[in-house]
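input.txt, holding compact mmCIF, C-alpha atoms and all ligand atoms:
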# COMPACT_ATOMS: atom_id res chain seq x y z
CA MET A 190 0.00 0.00 0.00
CA PRO A 191 1.39 3.44 -0.83
CA ALA A 192 2.66 5.13 2.36
CA LEU A 193 0.92 8.41 2.16
CA ARG A 194 -2.28 8.62 4.05
CA LEU A 195 -1.42 8.87 7.68
CA GLY A 196 2.09 10.23 7.96
CA GLU A 197 3.93 12.57 5.69
CA VAL A 198 2.02 15.63 6.73
CA ARG A 199 3.82 18.91 6.96
CA VAL A 200 1.89 21.41 8.99
CA SER A 201 2.52 25.02 8.13
CA THR A 202 4.43 26.72 10.91
CA ASP A 203 1.94 29.49 11.48
CA GLY A 204 -1.04 27.29 12.27
CA LEU A 205 -3.72 27.15 9.64
CA THR A 206 -2.51 29.76 7.23
CA ASP A 207 0.50 29.53 5.01
CA ARG A 208 2.38 32.87 5.01
CA ARG A 209 2.92 32.63 1.28
CA THR A 210 -0.80 32.89 0.73
CA GLU A 211 -1.94 34.82 3.79
CA GLY A 212 -4.70 37.27 3.06
CA ARG A 213 -5.90 35.44 -0.02
CA GLU A 214 -9.16 33.60 -0.09
CA LEU A 215 -7.66 30.22 -0.99
CA SER A 216 -4.99 29.84 1.67
CA VAL A 217 -3.01 26.63 1.93
CA LEU A 218 -3.89 24.90 5.20
CA ASP A 219 -1.54 21.97 4.98
CA GLU A 220 0.64 20.15 2.52
CA ARG A 221 1.78 16.56 2.20
CA LEU A 222 5.26 15.56 1.16
CA ARG A 223 3.81 13.85 -1.89
CA GLY A 224 2.53 17.22 -3.03
CA THR A 225 -1.13 17.21 -2.01
CA LYS A 226 -2.28 20.62 -0.84
CA PHE A 227 -5.28 21.31 1.34
CA VAL A 228 -6.82 24.64 0.54
CA SER A 229 -9.33 26.62 2.57
CA TYR A 230 -12.54 27.46 0.77
CA ALA A 231 -15.32 29.55 2.26
CA ALA A 232 -18.63 28.03 1.23
CA ARG A 233 -21.69 30.25 1.32
CA SER A 234 -23.90 27.20 1.54
CA VAL A 235 -23.07 23.54 2.14
CA LEU A 236 -26.37 21.69 2.13
CA ASN A 237 -27.48 20.95 -1.43
CA SER A 238 -31.22 20.60 -1.86
CA PRO A 239 -32.92 17.88 -3.98
CA GLU A 240 -33.97 20.64 -6.39
CA GLN A 241 -30.35 21.70 -6.88
CA THR A 242 -28.96 18.23 -7.48
CA GLY A 243 -31.89 16.32 -8.98
CA MET A 244 -31.44 13.64 -6.30
CA GLY A 245 -34.09 12.56 -3.84
CA PHE A 246 -32.21 13.81 -0.78
CA TRP A 247 -30.20 16.68 0.64
CA SER A 248 -26.46 16.29 0.44
CA LEU A 249 -23.41 17.61 2.18
CA ASN A 250 -19.73 17.26 1.20
CA PRO A 251 -17.19 18.87 3.51
CA TYR A 252 -14.34 18.38 1.04
CA VAL A 253 -14.01 18.88 -2.71
CA GLY A 254 -11.43 16.51 -4.20
CA CYS A 255 -10.29 13.21 -2.73
CA GLU A 256 -6.89 11.58 -2.35
CA PHE A 257 -8.27 8.06 -2.73
CA GLY A 258 -8.15 8.55 -6.49
CA CYS A 259 -10.64 5.98 -7.81
CA SER A 260 -10.45 5.70 -11.58
CA TYR A 261 -14.24 5.62 -11.99
CA CYS A 262 -14.93 8.62 -9.72
CA TYR A 263 -17.47 11.07 -11.12
CA ALA A 264 -16.64 13.75 -8.56
CA ARG A 265 -13.56 14.77 -10.54
CA TYR A 266 -15.86 16.87 -12.62
CA ALA A 267 -17.39 18.57 -9.59
CA HIS A 268 -13.85 19.52 -8.60
CA ARG A 269 -13.18 20.93 -12.06
CA TYR A 270 -16.38 22.95 -11.81
CA VAL A 271 -15.29 24.44 -8.46
CA VAL A 272 -11.85 25.29 -9.85
CA GLU A 273 -13.35 26.98 -12.90
CA ARG A 274 -15.72 29.00 -10.72
CA ALA A 275 -12.88 30.04 -8.40
CA HIS A 276 -10.86 31.16 -11.40
CA ASP A 277 -13.81 33.08 -12.87
CA ALA A 278 -14.31 34.78 -9.48
CA GLY A 279 -10.65 35.90 -9.45
CA LYS A 280 -9.68 33.64 -6.54
CA LEU A 281 -7.13 31.72 -8.63
CA SER A 282 -4.51 33.23 -10.89
CA ASP A 283 -4.03 31.71 -14.35
CA ALA A 284 -0.99 29.77 -13.12
CA GLU A 285 -2.89 28.50 -10.07
CA PHE A 286 -5.82 27.60 -12.31
CA ARG A 287 -3.57 25.36 -14.39
CA ASP A 288 -2.14 23.81 -11.23
CA PHE A 289 -5.58 23.25 -9.67
CA ARG A 290 -6.94 21.79 -12.89
CA GLY A 291 -4.32 19.39 -14.21
CA PRO A 292 -3.61 18.73 -17.90
CA HIS A 293 -7.07 17.27 -18.61
CA GLY A 294 -9.12 18.97 -15.93
CA TRP A 295 -9.35 16.03 -13.55
CA GLU A 296 -5.85 15.12 -12.33
CA ALA A 297 -5.70 17.77 -9.59
CA PHE A 298 -8.79 16.25 -7.95
CA GLU A 299 -6.45 13.99 -5.98
CA ARG A 300 -3.82 16.64 -5.17
CA ARG A 301 -5.68 19.89 -4.52
CA ILE A 302 -8.32 19.34 -1.90
CA PHE A 303 -10.72 22.13 -0.98
CA VAL A 304 -11.59 22.19 2.72
CA LYS A 305 -14.83 23.94 3.68
CA GLN A 306 -13.52 25.26 6.95
CA ASN A 307 -16.59 27.33 7.67
CA VAL A 308 -18.84 24.31 7.21
CA LEU A 309 -20.58 24.59 10.58
CA ALA A 310 -21.61 28.22 10.20
CA ALA A 311 -22.91 27.53 6.69
CA LEU A 312 -24.65 24.37 7.87
CA ASP A 313 -26.47 26.19 10.68
CA GLN A 314 -27.80 28.64 8.16
CA ASP A 315 -28.75 25.91 5.67
CA LEU A 316 -30.46 23.80 8.32
CA ARG A 317 -32.84 26.67 9.04
CA LYS A 318 -33.78 26.54 5.34
CA PHE A 319 -33.96 22.76 5.48
CA PHE A 320 -36.44 22.78 8.37
CA ARG A 321 -38.51 25.49 6.69
CA SER A 322 -38.70 23.48 3.46
CA ALA A 323 -39.26 20.12 5.18
CA GLY A 324 -42.13 21.48 7.29
CA PRO A 325 -43.70 19.70 10.25
CA SER A 326 -45.65 17.29 8.02
CA ALA A 327 -42.51 15.97 6.36
CA ARG A 328 -42.05 12.78 8.37
CA PRO A 329 -40.04 10.77 7.68
CA PRO A 330 -37.89 13.70 6.62
CA VAL A 331 -36.06 13.87 3.34
CA PRO A 332 -32.70 12.24 4.08
CA ILE A 333 -29.45 14.14 4.36
CA ALA A 334 -26.50 12.35 2.76
CA LEU A 335 -22.83 12.84 3.62
CA GLY A 336 -20.40 11.69 0.97
CA THR A 337 -22.36 11.68 -2.28
CA ALA A 338 -19.72 13.63 -4.20
CA THR A 339 -16.51 13.11 -2.23
CA ASP A 340 -15.53 10.84 0.61
CA PRO A 341 -16.27 12.45 4.00
CA TYR A 342 -13.65 10.21 5.66
CA GLN A 343 -10.88 10.72 3.11
CA PRO A 344 -7.38 11.32 4.55
CA ALA A 345 -8.08 15.05 4.99
CA GLU A 346 -10.62 14.18 7.69
CA ARG A 347 -7.89 12.95 10.04
CA ARG A 348 -6.43 16.42 9.98
CA PHE A 349 -9.49 18.68 9.73
CA ARG A 350 -12.26 16.62 11.41
CA LEU A 351 -15.03 18.44 9.57
CA THR A 352 -17.21 15.35 9.20
CA ARG A 353 -17.01 14.65 12.91
CA SER A 354 -17.93 18.24 13.72
CA ILE A 355 -20.93 18.02 11.36
CA LEU A 356 -22.16 14.87 13.08
CA GLN A 357 -21.72 16.52 16.46
CA ARG A 358 -23.78 19.45 15.20
CA PHE A 359 -26.60 17.05 14.29
CA GLU A 360 -26.75 16.12 17.96
CA ARG A 361 -28.61 19.38 18.49
CA TYR A 362 -31.51 18.12 16.40
CA GLU A 363 -33.73 15.08 16.25
CA GLY A 364 -35.89 13.11 13.84
CA LEU A 365 -33.58 13.42 10.85
CA SER A 366 -32.63 10.67 8.44
CA ILE A 367 -28.88 10.80 7.86
CA PHE A 368 -26.80 8.48 5.77
CA ILE A 369 -23.10 8.35 5.11
CA ILE A 370 -21.15 6.75 2.28
CA THR A 371 -17.44 6.16 2.68
CA LYS A 372 -14.58 3.91 1.69
CA SER A 373 -12.68 4.61 4.87
CA PRO A 374 -12.51 2.71 8.15
CA LEU A 375 -11.95 6.12 9.74
CA VAL A 376 -15.74 6.29 10.02
CA ALA A 377 -15.43 3.89 12.97
CA ARG A 378 -13.54 6.62 14.86
CA ASP A 379 -16.91 8.38 15.09
CA ALA A 380 -18.82 5.33 16.36
CA ASP A 381 -19.40 7.20 19.62
CA VAL A 382 -21.14 10.13 17.92
CA LEU A 383 -23.01 7.87 15.51
CA GLU A 384 -24.24 5.74 18.38
CA ARG A 385 -25.61 8.83 20.17
CA LEU A 386 -27.11 10.11 16.92
CA SER A 387 -28.83 6.76 16.34
CA ARG A 388 -30.95 7.46 19.43
CA ARG A 389 -32.26 10.74 17.98
CA HIS A 390 -32.19 10.15 14.23
CA THR A 391 -32.32 7.38 11.65
CA ILE A 392 -28.66 6.69 10.85
CA SER A 393 -27.20 4.50 8.15
CA VAL A 394 -23.59 4.04 7.07
CA SER A 395 -22.68 2.49 3.71
CA VAL A 396 -19.13 1.24 3.46
CA SER A 397 -18.31 1.40 -0.22
CA LEU A 398 -16.51 -1.71 -1.50
CA ILE A 399 -16.43 -3.00 -5.06
CA SER A 400 -14.53 -6.22 -4.33
CA VAL A 401 -12.59 -8.00 -1.61
CA ASP A 402 -9.85 -8.84 -4.13
CA GLU A 403 -7.17 -6.44 -2.93
CA PRO A 404 -4.81 -6.52 -5.95
CA LEU A 405 -7.80 -5.93 -8.21
CA VAL A 406 -9.05 -3.03 -6.09
CA ARG A 407 -5.60 -1.44 -6.22
CA ARG A 408 -5.67 -1.44 -10.04
CA LEU A 409 -8.85 0.61 -9.93
CA GLU A 410 -8.53 2.73 -6.79
CA VAL A 411 -5.05 4.17 -6.36
CA ARG A 412 -5.04 4.99 -2.66
CA SER A 413 -8.26 3.72 -1.13
CA PRO A 414 -8.14 1.75 2.14
CA THR A 415 -7.76 -2.00 1.76
CA PRO A 416 -10.94 -4.09 1.63
CA HIS A 417 -9.88 -5.74 4.87
CA ALA A 418 -9.58 -2.37 6.65
CA ARG A 419 -12.98 -1.27 5.39
CA LEU A 420 -14.60 -4.48 6.56
CA ARG A 421 -12.97 -4.07 9.96
CA GLY A 422 -14.46 -0.57 10.16
CA LEU A 423 -17.86 -1.99 9.26
CA THR A 424 -17.58 -4.61 12.00
CA ARG A 425 -16.77 -1.94 14.56
CA LEU A 426 -19.81 0.08 13.56
CA ARG A 427 -22.05 -2.97 13.82
CA GLN A 428 -20.60 -3.84 17.20
CA ALA A 429 -21.51 -0.31 18.31
CA GLY A 430 -25.11 -0.99 17.25
CA ILE A 431 -25.07 1.29 14.22
CA ARG A 432 -27.00 0.38 11.08
CA ALA A 433 -24.29 -0.17 8.51
CA GLY A 434 -23.67 -2.27 5.45
CA ILE A 435 -21.94 -2.50 2.11
CA MET A 436 -22.38 -0.33 -0.98
CA ALA A 437 -21.03 -2.38 -3.90
CA ALA A 438 -20.90 0.40 -6.44
CA PRO A 439 -20.01 0.50 -9.16
CA VAL A 440 -20.21 -3.13 -10.20
CA LEU A 441 -17.81 -3.28 -13.14
CA PRO A 442 -18.90 -5.48 -16.06
CA GLY A 443 -16.47 -8.31 -16.71
CA ILE A 444 -14.29 -7.26 -13.75
CA THR A 445 -16.22 -7.50 -10.48
CA ASP A 446 -19.56 -8.93 -11.59
CA ASP A 447 -18.77 -12.65 -11.81
CA VAL A 448 -20.32 -14.97 -9.27
CA SER A 449 -17.05 -15.72 -7.49
CA HIS A 450 -16.24 -12.03 -6.90
CA LEU A 451 -19.75 -11.23 -5.79
CA GLU A 452 -19.97 -14.31 -3.65
CA ALA A 453 -16.74 -13.37 -1.86
CA LEU A 454 -18.18 -9.90 -1.25
CA PHE A 455 -21.39 -11.29 0.22
CA GLN A 456 -19.44 -13.71 2.35
CA ALA A 457 -17.25 -10.91 3.72
CA ALA A 458 -20.30 -8.69 4.26
CA ARG A 459 -21.98 -11.41 6.30
CA GLU A 460 -18.86 -12.00 8.39
CA ALA A 461 -18.63 -8.27 9.08
CA GLY A 462 -22.26 -8.24 10.21
CA ALA A 463 -23.52 -6.03 7.35
CA ALA A 464 -27.16 -5.01 7.74
CA PHE A 465 -27.54 -4.61 3.97
CA LEU A 466 -25.71 -4.81 0.70
CA HIS A 467 -26.68 -2.29 -1.97
CA TYR A 468 -25.19 -2.31 -5.41
CA ALA A 469 -25.24 -0.29 -8.63
CA PRO A 470 -23.84 -1.22 -12.04
CA LEU A 471 -21.30 1.12 -13.58
CA ARG A 472 -22.62 4.28 -15.19
CA LEU A 473 -20.30 6.07 -17.54
CA TYR A 474 -21.06 9.75 -17.93
CA GLY A 475 -19.64 11.48 -20.97
CA GLY A 476 -16.70 13.04 -19.13
CA ILE A 477 -15.72 9.99 -17.14
CA LYS A 478 -15.37 7.88 -20.27
CA ASP A 479 -12.24 9.82 -21.21
CA ARG A 480 -10.69 8.86 -17.92
CA PHE A 481 -12.00 5.34 -17.47
CA LEU A 482 -11.78 3.77 -20.93
CA PRO A 483 -8.01 4.39 -21.22
CA LEU A 484 -7.64 2.61 -17.89
CA ILE A 485 -9.67 -0.33 -19.24
CA ALA A 486 -7.43 -0.33 -22.32
CA GLU A 487 -4.34 -0.45 -20.15
CA GLN A 488 -5.45 -2.81 -17.39
CA PHE A 489 -8.14 -4.96 -19.02
CA PRO A 490 -7.50 -4.71 -22.78
CA SER A 491 -9.68 -7.70 -23.66
CA LEU A 492 -12.71 -5.80 -22.30
CA LEU A 493 -12.24 -2.56 -24.18
CA THR A 494 -14.41 -3.40 -27.19
CA ARG A 495 -17.18 -4.65 -24.95
CA TYR A 496 -17.11 -1.46 -22.85
CA ARG A 497 -17.04 0.76 -25.91
CA ARG A 498 -20.02 -1.03 -27.40
CA ALA A 499 -22.02 -1.20 -24.17
CA TYR A 500 -21.57 2.47 -23.28
CA GLN A 501 -21.37 3.91 -26.77
CA ARG A 502 -24.66 5.79 -26.78
CA ARG A 503 -25.68 5.63 -23.18
CA GLN A 504 -24.36 6.23 -19.72
CA ASP A 505 -26.21 3.33 -18.08
CA ALA A 506 -25.22 -0.29 -18.56
CA PRO A 507 -27.50 -2.00 -21.11
CA GLU A 508 -30.87 -3.07 -19.76
CA ALA A 509 -30.28 -6.78 -20.40
CA TYR A 510 -27.07 -6.54 -18.37
CA ARG A 511 -28.78 -4.75 -15.50
CA LYS A 512 -31.52 -7.40 -15.39
CA ALA A 513 -29.03 -10.27 -15.39
CA LEU A 514 -26.99 -8.60 -12.63
CA SER A 515 -30.10 -7.96 -10.58
CA LEU A 516 -31.00 -11.65 -10.78
CA ARG A 517 -27.51 -12.70 -9.77
CA ILE A 518 -27.56 -10.33 -6.78
CA ARG A 519 -31.02 -11.47 -5.74
CA LYS A 520 -29.87 -15.09 -5.61
CA LEU A 521 -26.84 -14.13 -3.53
CA ARG A 522 -28.96 -12.08 -1.19
CA GLU A 523 -31.17 -15.08 -0.60
CA LYS A 524 -28.19 -17.36 -0.11
CA TYR A 525 -26.44 -15.06 2.36
CA GLY A 526 -29.52 -13.60 4.00
CA ILE A 527 -28.44 -10.02 3.47
CA HIS A 528 -31.12 -7.54 2.56
CA SER A 529 -33.44 -9.12 0.06
CA GLU A 530 -35.53 -5.93 0.04
CA ASP A 531 -35.43 -4.09 -3.30
CA ARG A 532 -34.08 -0.65 -2.48
CA SER A 533 -33.33 0.45 -6.00
CA GLY A 534 -35.35 3.63 -5.51
CA SER A 535 -33.87 4.45 -2.13
CA ALA A 536 -31.82 7.51 -1.45
CA GLU A 537 -28.83 5.39 -0.43
CA HIS A 538 -28.99 3.50 -3.67
CA GLN A 539 -29.23 6.66 -5.73
CA ALA A 540 -26.27 8.08 -3.89
CA GLY A 541 -24.31 4.93 -4.64
CA GLU A 542 -24.65 5.72 -8.29
CA ARG A 543 -22.68 8.90 -7.64
CA MET A 544 -24.43 11.40 -9.79
CA VAL A 545 -22.28 14.37 -10.66
CA GLN A 546 -23.25 17.02 -8.23
CA PRO A 547 -22.09 20.52 -8.83
CA GLU A 548 -20.78 21.92 -5.58
CA LEU A 549 -23.23 24.66 -4.95
CA GLY A 550 -22.83 27.74 -2.90
CA LEU A 551 -19.08 28.08 -3.18
S1 LIG A 601 -13.44 7.54 -2.52
FE1 LIG A 601 -15.24 8.30 -3.57
S2 LIG A 601 -14.85 10.49 -3.81
FE2 LIG A 601 -12.89 9.53 -3.35
S3 LIG A 601 -11.98 9.12 -5.34
FE3 LIG A 601 -13.08 7.27 -4.71
S4 LIG A 601 -15.13 7.42 -5.62
FE4 LIG A 601 -14.18 9.47 -5.69
Output the structure of this file as structure tokens.
Ligand code: SF4
Amino acid sequence: MPALRLGEVRVSTDGLTDRRTEGRELSVLDERLRGTKFVSYAARSVLNSPEQTGMGFWSLNPYVGCEFGCSYCYARYAHRYVVERAHDAGKLSDAEFRDFRGPHGWEAFERRIFVKQNVLAALDQDLRKFFRSAGPSARPPVPIALGTATDPYQPAERRFRLTRSILQRFERYEGLSIFIITKSPLVARDADVLERLSRRHTISVSVSLISVDEPLVRRLEVRSPTPHARLRGLTRLRQAGIRAGIMAAPVLPGITDDVSHLEALFQAAREAGAAFLHYAPLRLYGGIKDRFLPLIAEQFPSLLTRYRRAYQRRQDAPEAYRKALSLRIRKLREKYGIHSEDRSGSAEHQAGERMVQPELGL
């Protein structure tokens, strides 16, 4: 595993602001030896409404960009959107714009992470709007999702603890439906807060895992935590009495969708005590094709023609494929006794499909 996530952090000597950028709106908060920079960004609003995103829930992402670097990640384009807006607003010089963008507009997603340091103040303001729009009759409330665009427990969270502070802020309220999606076992650090929240709200944590085959995962996700570490995090959450399970998304045709891969995933989910296993077949949005198909060509060349054909005119996997996969998953659910309920319309499931969500209010 690349040694980068936990150590190798160089904290700027003057606390949270780098002297080189002091006084500017995008100050460098921290920098890793491998070159990743964490940059402060003042968000006017952090809670995205269903109307803004087209999703059936509210969403909240404390970070823009993610060091985990999954090849299929759609959020790269949300990062590009934020960078372009910052440049248009005069917050990035032309040289910085090039640096924050990368040669194709998506590379810097893993190396230039925006940190919404003022997240709590913006959240307080947004929650007032949320409660106004939800109204007293809205029970159960429209869910709030953490981690639909970027991972809320990515390495930056160890340093900045924004996700934990958001969860602690939710302790002031009750009756909400909150769900979290993450690839990181760091979520188990917050088992104490999640356990308290579970008494006041409906809480659900989806640990995102496409396969338990570690070498395979590493070919697709450059720096994500190992499957074993994620499953350990899931076990800890379950032991703390928190509703948590697996989000197997995206299922990659010809790569992670065979019975043996899926069976190993179900087996591991059961051993970890997963309360559910959701899944979603790969969707390939226009932009992500440029990033993902070259990786298929390099890593899985025999599949390239099949991918090109399947996703040529559409972003969803072909209907016949989706039906066959659904049948396969249903059989495994029955065999392993994990969540036979069809949740394809649920908010968690939608979030698993990782729609591109423009980061609003920045
Ligand atoms: S963990 Fe999630 S947000 Fe981060 S790179 Fe992977 S898919 Fe994208």
Quick one: pull the distance between CA of Pro483 in chain A and CA of Tyr261 in chain A, Å, one decimal.
11.2 Å
Name each residue within 10 Å of ligand LIG 601 (chain A), counting only C-alpha atoms and all ligand atoms, as a ChimeraX atom specification.
/A:250,252-265,298-299,336-344,370-373,397-398,409-414,438-439,541,543
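The space between CA of Gly462 in chain A and CA of Pro416 in chain A spans 14.8 Å.
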Out of A:Pro332, A:Pro470, A:Gly430, A:Pro442, which residue has the shortest atom-to-atom distance to Leu249 in chain A when counting only C-alpha atoms?
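Result for the nearest residue to Leu249 in chain A: A:Pro332.
Around the coordinate (-12.2, -10.6, -9.7), residues that reach within 7 Å when counting all atoms listed in the file are Asp402, Leu405, Ile444, Thr445 and His450 of chain A.
Among the candidate residues A:Leu365, A:Ala464, A:Ala453, A:Ile333, the one lying nearest to Thr424 in chain A is A:Ala464, with distances computed using all atoms listed in the file.
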Considering all atoms listed in the file, state which residue in the set A:Leu484, A:Ile435, A:Val228, A:Val406 is at the smallest distance from Leu466 in chain A.
A:Ile435
Selected residue, from A:Ala310, A:Leu473, A:Met436, A:Ala463, that lies nearest to Gly526 in chain A when counting all atoms listed in the file
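Using all atoms listed in the file, the shortest distance to Gly526 in chain A belongs to A:Ala463.
Picture a line from CA of Asp446 in chain A to CA of Arg522 in chain A; it runs 14.4 Å.
The shortest atom-to-atom distance to Tyr468 in chain A, with only C-alpha atoms taken into account, belongs to A:Leu514 out of A:Ile431, A:Ala377, A:Leu514, A:Leu420.
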For Gln504 in chain A, the nearest of the candidates A:Gln428, A:Leu482, A:Leu471, A:Lys318, counting all atoms listed in the file
A:Leu471
Counting all atoms listed in the file, what is within 9 Å of Phe289 in chain A, bar same-chain residues fewer than 5 positions away, as a list in words?
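With the cut-off at 9 Å, the set is Arg269, Val272, Leu281, Ala284, Gly294, Glu296, Ala297, Phe298, Arg300 and Arg301 of chain A.
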